[in-house]
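Enquirer: This is the content of run.txt (compact mmCIF, C-alpha atoms):
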# COMPACT_ATOMS: atom_id res chain seq x y z
CA MET C 1 -42.96 -24.15 -13.07
CA VAL C 2 -41.04 -21.23 -11.56
CA GLU C 3 -38.75 -19.30 -13.85
CA ARG C 4 -35.59 -17.97 -12.28
CA LYS C 5 -34.20 -14.72 -13.54
CA SER C 6 -30.49 -14.77 -14.03
CA ARG C 7 -28.87 -12.00 -12.14
CA LYS C 8 -27.22 -9.49 -14.40
CA GLY C 9 -24.99 -6.84 -12.99
CA PHE C 10 -21.52 -5.85 -12.11
CA TYR C 11 -19.17 -7.75 -9.87
CA PHE C 12 -16.57 -5.74 -7.98
CA PRO C 13 -14.23 -7.95 -5.99
CA ARG C 14 -13.14 -6.36 -2.73
CA THR C 15 -9.45 -5.71 -2.84
CA THR C 16 -7.19 -3.44 -0.87
CA LEU C 17 -6.42 -0.36 -2.94
CA LEU C 18 -4.18 1.52 -0.54
CA VAL C 19 -1.93 0.59 2.36
CA LYS C 20 -0.74 3.05 5.02
CA ILE C 21 2.66 2.76 6.65
CA GLU C 22 4.17 4.85 9.44
CA ARG C 23 7.83 5.77 9.52
CA ARG C 24 10.05 8.05 11.61
CA CYS C 25 12.64 10.27 9.99
CA ALA C 26 16.07 8.68 10.49
CA PHE C 27 17.76 12.01 11.23
CA PRO C 28 18.00 12.45 15.04
CA GLU C 29 17.46 16.21 14.95
CA CYS C 30 14.15 15.67 13.14
CA ALA C 31 12.70 12.22 14.00
CA ALA C 32 9.27 13.34 12.72
CA GLY C 33 6.58 10.72 12.26
CA ASN C 34 5.53 10.26 8.65
CA GLN C 35 2.36 8.54 7.49
CA ILE C 36 2.69 7.27 3.96
CA GLY C 37 -0.12 5.94 1.77
CA LEU C 38 0.92 3.57 -1.02
CA THR C 39 -0.98 1.99 -3.87
CA LYS C 40 -0.05 -1.54 -4.90
CA GLN C 41 2.31 -0.33 -7.64
CA GLU C 42 3.89 2.27 -5.35
CA ALA C 43 4.45 -0.42 -2.70
CA ILE C 44 6.24 -2.61 -5.24
CA GLU C 45 8.53 0.28 -6.22
CA TYR C 46 8.93 1.74 -2.70
CA ARG C 47 12.54 2.47 -1.72
CA GLY C 48 12.13 5.31 0.77
CA PHE C 49 10.44 8.61 1.51
CA ALA C 50 11.10 12.32 1.83
CA CYS C 51 10.33 13.47 5.38
CA PHE C 52 7.40 15.89 5.41
CA GLN C 53 9.12 18.06 8.04
CA CYS C 54 12.82 18.29 7.10
CA GLU C 55 12.33 17.13 3.48
CA ARG C 56 15.40 14.87 3.63
CA TRP C 57 15.39 11.50 1.90
CA ASN C 58 15.16 8.36 4.05
CA ASP C 59 16.12 5.07 2.40
CA ASP C 60 13.60 2.42 3.38
CA ARG C 61 12.11 -0.90 2.33
CA LEU C 62 8.77 -2.48 3.13
CA ASN C 63 8.50 -5.53 5.32
CA PRO C 64 6.25 -8.11 3.59
CA LEU C 65 4.18 -8.26 6.80
CA GLU C 66 3.12 -4.64 6.19
CA LEU C 67 1.33 -5.56 2.96
CA PRO C 68 -2.04 -7.22 2.40
CA VAL C 69 -1.75 -10.97 1.78
CA SER C 70 -3.37 -10.56 -1.64
CA TRP C 71 -0.43 -8.40 -2.77
CA GLU C 72 2.35 -10.84 -1.84
CA SER C 73 2.78 -12.68 -5.13
CA GLN C 74 3.26 -9.45 -7.07
CA THR C 75 5.74 -7.87 -4.64
CA ASP C 76 8.00 -10.93 -4.28
CA SER C 77 9.66 -10.28 -7.63
CA ALA C 78 10.54 -6.66 -6.81
Written as structure tokens, how would this file's structure read?

Expert:
Amino acid sequence: MVERKSRKGFYFPRTTLLVKIERRCAFPECAAGNQIGLTKQEAIEYRGFACFQCERWNDDRLNPLELPVSWESQTDSA
């Protein structure tokens, strides 16, 4: 009779921890490209960004297609 050892260890499900979005500054005299990294919580709360070049605020929202599918149920209520 063969004894099977039960596997003991840690299980780490693979989930997306960070999403990167690219935006252009809305001010014509700047129009700098901005790369923004957002965690899941930051993506839920995201309402815009400060341009890295001119430092002016740009109102913005995320398109649901920009987010990982696994994040959709949590961001729908925001």

Enquirer: Select, from C:Tyr11, C:Val69, C:Pro64, C:Lys20, the residue with the minimum atom-to-atom distance to Leu38 (chain C), counting all atoms listed in the file.

Expert: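 Ranked by minimum distance to Leu38 (chain C), first place goes to C:Lys20.
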
Enquirer: Have a look at CA of Cys25 (chain C) and CA of Ala50 (chain C) and let me know their distance in Å, one decimal.

Expert: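 Going from CA of Cys25 (chain C) over to CA of Ala50 (chain C), I get 8.6 Å.
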
Enquirer: Closest to Phe52 (chain C) among C:Val19, C:Gly33, C:Glu66, C:Thr39, using all atoms listed in the file?

Expert: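 Of C:Val19, C:Gly33, C:Glu66, C:Thr39, the one nearest Phe52 (chain C), counting all atoms listed in the file, is C:Gly33.
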
Enquirer: Could you state the separation of CA of Ile44 (chain C) and CA of Asp59 (chain C) in Å, given to one decimal place?

Expert: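 Value for the CA of Ile44 (chain C)-CA of Asp59 (chain C) distance: 14.7 Å.
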
Enquirer: Applying 8 Å and all atoms listed in the file, which residues near Phe49 (chain C) remain after dropping the ones on its own chain fewer than 3 positions away? List them as a PDB file with C-alpha atoms, keeping the file's coordinate frame.

Expert:
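Listed below is the output, out.pdb:
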ATOM      1  CA  TRP C  57      15.390  11.500   1.900  1.00  0.00           C
ATOM      2  CA  ASN C  58      15.160   8.360   4.050  1.00  0.00           C
ATOM      3  CA  ASP C  59      16.120   5.070   2.400  1.00  0.00           C
ATOM      4  CA  ASP C  60      13.600   2.420   3.380  1.00  0.00           C
TER       5      ASP C  60
END

Enquirer: Just how far from CA of Gly48 (chain C) is CA of Trp71 (chain C), in Å to one decimal?

Expert: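 Between these atoms lies a distance of 18.9 Å.
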
Enquirer: Closest to Leu17 (chain C) among C:Gln53, C:Gln35, C:Ser70, C:Asn63, using only C-alpha atoms?

Expert: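 The answer is C:Ser70, which sits nearest to Leu17 (chain C).
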
Enquirer: I'd like the contact shell of Leu62 (chain C) - 8 Å cut-off, only C-alpha atoms, skipping same-chain residues fewer than 4 positions apart - returned as a ChimeraX atom specification.

Expert: /C:43,46-47,66

Enquirer: Just checking: using only C-alpha atoms, which residue out of C:Lys40, C:Cys54, C:Glu45, C:Glu29 ends up closest to Thr16 (chain C)?

Expert: C:Lys40

Enquirer: Using all atoms listed in the file, can you tell me which of C:Ile36, C:Leu67, C:Glu42, C:Phe10 comes closest to Arg24 (chain C)?

Expert: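 Of C:Ile36, C:Leu67, C:Glu42, C:Phe10, the one nearest Arg24 (chain C), counting all atoms listed in the file, is C:Ile36.
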